[in-house]
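Contents: one structure, followed by commentary.
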Amino acid sequence: MTQSARLAVRAPSFRRRGIVEGFFGAPWSLARRCAMFEYGAARAMNTYLYAPKDDPYHRERWREPYPDAAWAEMLRLIAAAQANRIDFVYGFHPGQGLRFGEDEAIDVLLAKARRFHEAGVRSFAVLFDDIPSRLAHPEDERRYGASLARAEGAWLTRILERQQRDWAGTVEWWICPSYYSEDPKLARMFGEFEPSFLERLRETLPESVACMWTGPQIVPERITLEHIETVSARLGGPLVLWDNYPVNDLAMREEMHLGPLTGRDARLPERVYGYLNNPPLQPEAAYLPLATCFDYAADPARYDPEASWTRAVRRRFGASTVEHWATLRAFCDALTAQLRRGSTTPGPVRERLGAALEYFEAQQDTPVVRELQPWIERMRSAAQR
């Protein structure tokens, strides 16, 4: 059975479940990541994609090897993932200004990948997200018919052709194309995309390479099986969902997403190979929403958002705290609705705000409350009006 055929076999849950650390902002520390590995592994997490935008050796200076101190820390991170039976996927972000027709960049990437391979890494992702929507160099325009999609797919083909022979069938490659959602915001941010981008990508992308996708929007409220079937038909190969919940980077920095994952079709594993959630900038605050993401990914058919969230609060903070966390969650949800749509979604009643504020005041020296202080202060201001 070919690799692509193995990936397509129907499973009751996603084959790959876990986290893509892919946000803009200060990357999580080694200790925070290792703690999340243990937390996630206990909830069937089996995959971690390393792709923090603000790691310079991942994106801005991706051609350079990690300096000795940073590499020693990377080795500890890989070992921690392996100790928890989590597949460490290293992400390269080479797209900005790349000359697709040259061999040098591929040689550099593979040399860097070999170092990770020696450390036990067997999965890699090449990420072209959040770059201009058109080719930057005339020679690439001539070679690929002015198609960024064909250039990106062909680049993966050449990587597979030039990798070590014994990697074939044992090393897995993914791609995040520049066009990773149908959201019109993509074109407003990075320029108009060529028509039929996914079909053109399919012309040159190897069948075995899994393609990442965020859904109908960059930050979708719902992802249905019907939507995924349409995308799968256009791409043809394995699909990995990069779900931008509960992330809060860039335009969402004032938001805090504490609630459970909702709006994800229970049937998605029928067509989706991997399901990864992009976490928030605040690692301690991430535990509650990510617990629900892990529960969904492990067993979508039986996932109950509210039951999952309540269970996560009880286990982490105690049964007596559920109402207070629910109050802060409701306040943050109302704030998010106001920030995004200017709506006046009702927040918690003042009596509940007061009781919750007393609880969080007593916990002000804990890491999670320190992270959440900006939102707690806003809640305090609302209670005093």
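Following the order of the structure tokens, chains are lettered A, B, ..., residues in each are numbered from 1, and ligands are numbered from 1.
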
> Could you pull out all residues of region 171-347 of chain A with a DSSP call of strand (DSSP E) and give them as a list in words?
Replying inline: Glu172, Trp173, Trp174, Ile175, Cys176, Ala210, Cys211, Met212, Trp213, Leu239, Val240, Leu241, Trp242, Asp243, Gly274, Tyr275, Leu276 and Asn277 of chain A

Only C-alpha atoms, please: the residues just picked out, written as a short mmCIF file (atom, residue, chain, number, x, y, z; two decimals), in the first residue's frame.
```cif
data_model
loop_
_atom_site.label_atom_id
_atom_site.label_comp_id
_atom_site.auth_asym_id
_atom_site.auth_seq_id
_atom_site.Cartn_x
_atom_site.Cartn_y
_atom_site.Cartn_z
CA GLU A 172 6.95 12.45 5.66
CA TRP A 173 6.62 15.88 4.02
CA TRP A 174 3.79 18.41 4.34
CA ILE A 175 3.10 21.72 2.64
CA CYS A 176 1.15 24.79 3.68
CA ALA A 210 -0.06 16.29 2.92
CA CYS A 211 -1.51 19.76 2.35
CA MET A 212 -2.46 22.09 5.20
CA TRP A 213 -5.72 24.05 5.20
CA LEU A 239 -5.26 16.98 4.16
CA VAL A 240 -4.08 18.40 7.50
CA LEU A 241 -6.34 20.96 9.17
CA TRP A 242 -4.49 23.88 10.74
CA ASP A 243 -7.28 25.08 13.02
CA GLY A 274 -4.39 15.41 10.63
CA TYR A 275 -6.03 17.92 12.94
CA LEU A 276 -3.80 20.49 14.71
CA ASN A 277 -4.80 23.49 16.81
#
```

Might you pull out every residue within 8 Å of region 351-358 of chain A, with only C-alpha atoms counted and same-chain residues fewer than 5 positions away left off, and present them as a PDB file with N, CA, C and O atoms, in the first residue's frame?
```pdb
ATOM      1  N   GLU A 323     -17.819  27.923  38.226  1.00  0.00           N
ATOM      2  CA  GLU A 323     -18.651  29.106  37.976  1.00  0.00           C
ATOM      3  C   GLU A 323     -17.788  30.345  37.727  1.00  0.00           C
ATOM      4  O   GLU A 323     -18.109  31.174  36.867  1.00  0.00           O
ATOM      5  N   HIS A 324     -16.690  30.485  38.438  1.00  0.00           N
ATOM      6  CA  HIS A 324     -15.837  31.658  38.257  1.00  0.00           C
ATOM      7  C   HIS A 324     -15.147  31.648  36.890  1.00  0.00           C
ATOM      8  O   HIS A 324     -15.055  32.691  36.223  1.00  0.00           O
ATOM      9  N   TRP A 325     -14.677  30.479  36.473  1.00  0.00           N
ATOM     10  CA  TRP A 325     -14.065  30.380  35.144  1.00  0.00           C
ATOM     11  C   TRP A 325     -15.110  30.588  34.051  1.00  0.00           C
ATOM     12  O   TRP A 325     -14.819  31.175  33.008  1.00  0.00           O
ATOM     13  N   THR A 327     -17.623  32.556  34.321  1.00  0.00           N
ATOM     14  CA  THR A 327     -17.866  33.994  34.283  1.00  0.00           C
ATOM     15  C   THR A 327     -16.798  34.711  33.456  1.00  0.00           C
ATOM     16  O   THR A 327     -17.108  35.558  32.608  1.00  0.00           O
ATOM     17  N   LEU A 328     -15.525  34.377  33.694  1.00  0.00           N
ATOM     18  CA  LEU A 328     -14.451  34.995  32.917  1.00  0.00           C
ATOM     19  C   LEU A 328     -14.564  34.606  31.445  1.00  0.00           C
ATOM     20  O   LEU A 328     -14.362  35.451  30.559  1.00  0.00           O
ATOM     21  N   ILE A 376      -8.861  40.232  33.202  1.00  0.00           N
ATOM     22  CA  ILE A 376      -9.452  40.350  34.529  1.00  0.00           C
ATOM     23  C   ILE A 376      -9.633  41.826  34.895  1.00  0.00           C
ATOM     24  O   ILE A 376     -10.656  42.215  35.483  1.00  0.00           O
ATOM     25  N   MET A 379     -12.604  43.081  33.201  1.00  0.00           N
ATOM     26  CA  MET A 379     -13.795  42.599  33.886  1.00  0.00           C
ATOM     27  C   MET A 379     -14.036  43.412  35.157  1.00  0.00           C
ATOM     28  O   MET A 379     -15.189  43.727  35.497  1.00  0.00           O
ATOM     29  N   ARG A 380     -12.971  43.790  35.827  1.00  0.00           N
ATOM     30  CA  ARG A 380     -13.102  44.609  37.031  1.00  0.00           C
ATOM     31  C   ARG A 380     -13.725  45.977  36.679  1.00  0.00           C
ATOM     32  O   ARG A 380     -14.596  46.485  37.380  1.00  0.00           O
ATOM     33  N   ALA A 383     -17.380  45.640  36.119  1.00  0.00           N
ATOM     34  CA  ALA A 383     -18.137  45.438  37.366  1.00  0.00           C
ATOM     35  C   ALA A 383     -18.344  46.751  38.117  1.00  0.00           C
ATOM     36  O   ALA A 383     -19.295  46.875  38.904  1.00  0.00           O
TER      37      ALA A 383
END
```

>> Run DSSP on the backbone and tell me which residues of region 60-171 of chain A come out as alpha helix (DSSP H); list them as an MDAnalysis selection string.
In response: chainID A and resid 68:83 104:118 138:143 148:162

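The smallest atom-to-atom distance between Tyr273 (chain A) and any of A:Gly97, A:Pro238, A:Ala382, A:Glu221, using only C-alpha atoms, is found for A:Pro238.
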
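Taking only C-alpha atoms, the non-local environment of region 205-208 of chain A within 7 Å (same-chain residues fewer than 2 positions away omitted) comprises Gln3, Ser4, Gly153, Ala154, Leu156, Thr157, Leu201, Arg202, Glu203, Ala210 and Gly237 of chain A.
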
Write out, as a compact mmCIF listing (two decimals), in the first residue's frame, the residues just selected, with N, CA and C atoms.
```txt
# COMPACT_ATOMS: atom_id res chain seq x y z
N GLN A 3 2.03 5.26 0.52
CA GLN A 3 1.87 6.14 1.67
C GLN A 3 0.56 6.92 1.59
N SER A 4 0.24 7.45 0.40
CA SER A 4 -0.99 8.24 0.27
C SER A 4 -2.22 7.39 0.51
N GLY A 153 4.32 23.58 -5.54
CA GLY A 153 4.23 22.14 -5.67
C GLY A 153 5.49 21.54 -6.25
N ALA A 154 6.06 22.20 -7.25
CA ALA A 154 7.29 21.70 -7.88
C ALA A 154 8.46 21.71 -6.91
N LEU A 156 8.34 21.09 -3.73
CA LEU A 156 8.24 19.87 -2.93
C LEU A 156 8.66 18.65 -3.73
N THR A 157 8.32 18.63 -5.03
CA THR A 157 8.75 17.52 -5.88
C THR A 157 10.27 17.42 -5.90
N LEU A 201 -1.78 23.74 -7.96
CA LEU A 201 -0.87 23.13 -7.00
C LEU A 201 -0.84 21.61 -7.19
N ARG A 202 -2.01 21.04 -7.39
CA ARG A 202 -2.12 19.59 -7.57
C ARG A 202 -1.33 19.11 -8.79
N GLU A 203 -1.18 19.95 -9.81
CA GLU A 203 -0.46 19.55 -11.02
C GLU A 203 0.99 19.17 -10.75
N ALA A 210 1.17 15.80 2.29
CA ALA A 210 -0.06 16.29 2.92
C ALA A 210 -0.12 17.81 2.81
N GLY A 237 -4.77 14.90 -2.50
CA GLY A 237 -3.93 14.21 -1.55
C GLY A 237 -4.40 14.34 -0.12
```

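Non-sequential neighbours of Arg200 (chain A) (distance at most 12 Å, separation of 2 or more positions within a chain, only C-alpha atoms) are A:Tyr144, A:Gly145, A:Ala146, A:Ser147, A:Leu148, A:Ala149, A:Arg150, A:Ala151, A:Glu152, A:Gly153, A:Ala154, A:Pro177, A:Tyr179, A:Phe193, A:Glu194, A:Pro195, A:Ser196, A:Phe197, A:Leu198, A:Arg202, A:Glu203, A:Thr204, A:Leu205, A:Arg234, A:Leu235, A:Gly236.
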
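Nearest residue to Glu104 (chain A), choosing from A:Ala72, A:Ile159, A:Val171, A:Ala187 and counting only C-alpha atoms: A:Ile159.
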
> Which is closest to Glu229 (chain A) among A:Asp304, A:Asp333, A:Glu255, A:Asp265, if we use only C-alpha atoms?
Replying inline: A:Asp265

> Looking at A:Phe116, A:Tyr39, A:Trp167, A:Phe124, which one is nearest to Leu290 (chain A), with distances taken over only C-alpha atoms?
Replying inline: A:Tyr39

Counting only C-alpha atoms, what is within 7 Å of Trp309 (chain A), bar same-chain residues fewer than 2 positions away, as a compact mmCIF listing (two decimals) with N, CA and C atoms, in the first residue's frame?
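Listing of out_6.txt after writing:
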```
# COMPACT_ATOMS: atom_id res chain seq x y z
N PRO A 260 -14.78 26.22 24.97
CA PRO A 260 -14.51 24.96 24.29
C PRO A 260 -14.56 25.12 22.77
N LEU A 288 -7.14 25.12 29.14
CA LEU A 288 -8.59 24.85 29.12
C LEU A 288 -9.11 24.66 27.71
N THR A 292 -10.25 20.79 25.34
CA THR A 292 -11.44 20.46 24.55
C THR A 292 -11.06 20.12 23.11
N PRO A 305 -18.86 19.66 23.84
CA PRO A 305 -18.04 20.82 24.19
C PRO A 305 -18.16 21.25 25.65
N GLU A 306 -19.38 21.40 26.15
CA GLU A 306 -19.54 21.90 27.52
C GLU A 306 -19.06 20.89 28.55
N ALA A 307 -19.35 19.62 28.32
CA ALA A 307 -18.89 18.60 29.26
C ALA A 307 -17.37 18.54 29.28
N ARG A 311 -15.15 19.54 32.59
CA ARG A 311 -14.23 18.52 33.10
C ARG A 311 -12.81 19.06 33.19
N ALA A 312 -12.39 19.84 32.19
CA ALA A 312 -11.05 20.40 32.18
C ALA A 312 -10.86 21.39 33.34
N VAL A 313 -11.87 22.23 33.61
CA VAL A 313 -11.77 23.19 34.72
C VAL A 313 -11.68 22.45 36.04
```

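Between CA of Arg188 (chain A) and CA of Val219 (chain A) the separation is 15.1 Å.
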
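For the atom pair formed by CA of Ala111 (chain A) and CA of Arg158 (chain A), the distance is 14.2 Å, given to one decimal.
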
Near-Tyr303 (chain A) list (12 Å; only C-alpha atoms; drop same-chain fewer than 3 positions) as a PDB file with N, CA and C atoms, in the first residue's frame:
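After the write, result-v2.pdb holds the following:
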```pdb
ATOM      1  N   SER A  13     -10.962   8.486  14.524  1.00  0.00           N
ATOM      2  CA  SER A  13     -10.426   9.782  14.930  1.00  0.00           C
ATOM      3  C   SER A  13      -9.323  10.158  13.954  1.00  0.00           C
ATOM      4  N   PRO A 260     -14.784  26.223  24.971  1.00  0.00           N
ATOM      5  CA  PRO A 260     -14.515  24.962  24.286  1.00  0.00           C
ATOM      6  C   PRO A 260     -14.559  25.122  22.768  1.00  0.00           C
ATOM      7  N   LEU A 261     -13.892  24.234  22.083  1.00  0.00           N
ATOM      8  CA  LEU A 261     -13.965  24.167  20.624  1.00  0.00           C
ATOM      9  C   LEU A 261     -15.391  23.819  20.207  1.00  0.00           C
ATOM     10  N   THR A 262     -15.931  24.559  19.245  1.00  0.00           N
ATOM     11  CA  THR A 262     -17.270  24.272  18.735  1.00  0.00           C
ATOM     12  C   THR A 262     -17.260  24.395  17.209  1.00  0.00           C
ATOM     13  N   GLY A 263     -18.310  23.892  16.581  1.00  0.00           N
ATOM     14  CA  GLY A 263     -18.495  24.095  15.154  1.00  0.00           C
ATOM     15  C   GLY A 263     -17.667  23.196  14.256  1.00  0.00           C
ATOM     16  N   ARG A 264     -17.061  22.140  14.798  1.00  0.00           N
ATOM     17  CA  ARG A 264     -16.275  21.214  13.976  1.00  0.00           C
ATOM     18  C   ARG A 264     -17.064  19.926  13.767  1.00  0.00           C
ATOM     19  N   ASP A 265     -17.275  19.590  12.512  1.00  0.00           N
ATOM     20  CA  ASP A 265     -18.062  18.421  12.124  1.00  0.00           C
ATOM     21  C   ASP A 265     -17.441  17.151  12.705  1.00  0.00           C
ATOM     22  N   ALA A 266     -18.283  16.307  13.283  1.00  0.00           N
ATOM     23  CA  ALA A 266     -17.790  15.044  13.847  1.00  0.00           C
ATOM     24  C   ALA A 266     -17.288  14.088  12.782  1.00  0.00           C
ATOM     25  N   ARG A 267     -17.662  14.337  11.527  1.00  0.00           N
ATOM     26  CA  ARG A 267     -17.292  13.408  10.445  1.00  0.00           C
ATOM     27  C   ARG A 267     -15.985  13.786   9.746  1.00  0.00           C
ATOM     28  N   ALA A 291      -7.652  21.486  26.012  1.00  0.00           N
ATOM     29  CA  ALA A 291      -8.201  20.223  26.510  1.00  0.00           C
ATOM     30  C   ALA A 291      -9.414  19.812  25.696  1.00  0.00           C
ATOM     31  N   THR A 292     -10.251  20.788  25.342  1.00  0.00           N
ATOM     32  CA  THR A 292     -11.444  20.464  24.554  1.00  0.00           C
ATOM     33  C   THR A 292     -11.064  20.119  23.113  1.00  0.00           C
ATOM     34  N   CYS A 293     -10.036  20.773  22.590  1.00  0.00           N
ATOM     35  CA  CYS A 293      -9.568  20.438  21.241  1.00  0.00           C
ATOM     36  C   CYS A 293      -9.043  19.003  21.196  1.00  0.00           C
ATOM     37  N   PHE A 294      -8.281  18.619  22.216  1.00  0.00           N
ATOM     38  CA  PHE A 294      -7.763  17.257  22.280  1.00  0.00           C
ATOM     39  C   PHE A 294      -8.911  16.247  22.388  1.00  0.00           C
ATOM     40  N   ASP A 295      -9.927  16.583  23.190  1.00  0.00           N
ATOM     41  CA  ASP A 295     -11.069  15.673  23.332  1.00  0.00           C
ATOM     42  C   ASP A 295     -11.792  15.498  22.000  1.00  0.00           C
ATOM     43  N   TYR A 296     -11.987  16.608  21.282  1.00  0.00           N
ATOM     44  CA  TYR A 296     -12.632  16.514  19.973  1.00  0.00           C
ATOM     45  C   TYR A 296     -11.799  15.671  19.018  1.00  0.00           C
ATOM     46  N   ALA A 297     -10.503  15.941  18.940  1.00  0.00           N
ATOM     47  CA  ALA A 297      -9.653  15.244  17.980  1.00  0.00           C
ATOM     48  C   ALA A 297      -9.591  13.745  18.258  1.00  0.00           C
ATOM     49  N   ALA A 298      -9.624  13.362  19.534  1.00  0.00           N
ATOM     50  CA  ALA A 298      -9.517  11.955  19.894  1.00  0.00           C
ATOM     51  C   ALA A 298     -10.793  11.178  19.617  1.00  0.00           C
ATOM     52  N   ASP A 299     -11.943  11.851  19.751  1.00  0.00           N
ATOM     53  CA  ASP A 299     -13.214  11.143  19.573  1.00  0.00           C
ATOM     54  C   ASP A 299     -14.294  12.130  19.134  1.00  0.00           C
ATOM     55  N   PRO A 300     -14.246  12.578  17.865  1.00  0.00           N
ATOM     56  CA  PRO A 300     -15.195  13.601  17.406  1.00  0.00           C
ATOM     57  C   PRO A 300     -16.656  13.202  17.556  1.00  0.00           C
ATOM     58  N   GLU A 306     -19.375  21.397  26.148  1.00  0.00           N
ATOM     59  CA  GLU A 306     -19.543  21.897  27.521  1.00  0.00           C
ATOM     60  C   GLU A 306     -19.062  20.890  28.551  1.00  0.00           C
ATOM     61  N   ALA A 307     -19.354  19.622  28.317  1.00  0.00           N
ATOM     62  CA  ALA A 307     -18.888  18.599  29.260  1.00  0.00           C
ATOM     63  C   ALA A 307     -17.367  18.535  29.278  1.00  0.00           C
ATOM     64  N   SER A 308     -16.763  18.635  28.107  1.00  0.00           N
ATOM     65  CA  SER A 308     -15.314  18.611  28.009  1.00  0.00           C
ATOM     66  C   SER A 308     -14.703  19.799  28.748  1.00  0.00           C
ATOM     67  N   TRP A 309     -15.261  20.982  28.544  1.00  0.00           N
ATOM     68  CA  TRP A 309     -14.722  22.194  29.168  1.00  0.00           C
ATOM     69  C   TRP A 309     -14.881  22.140  30.690  1.00  0.00           C
TER      70      TRP A 309
END
```

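Coordinates place CA of Arg115 (chain A) at a distance of 9.0 Å from CA of Pro65 (chain A).
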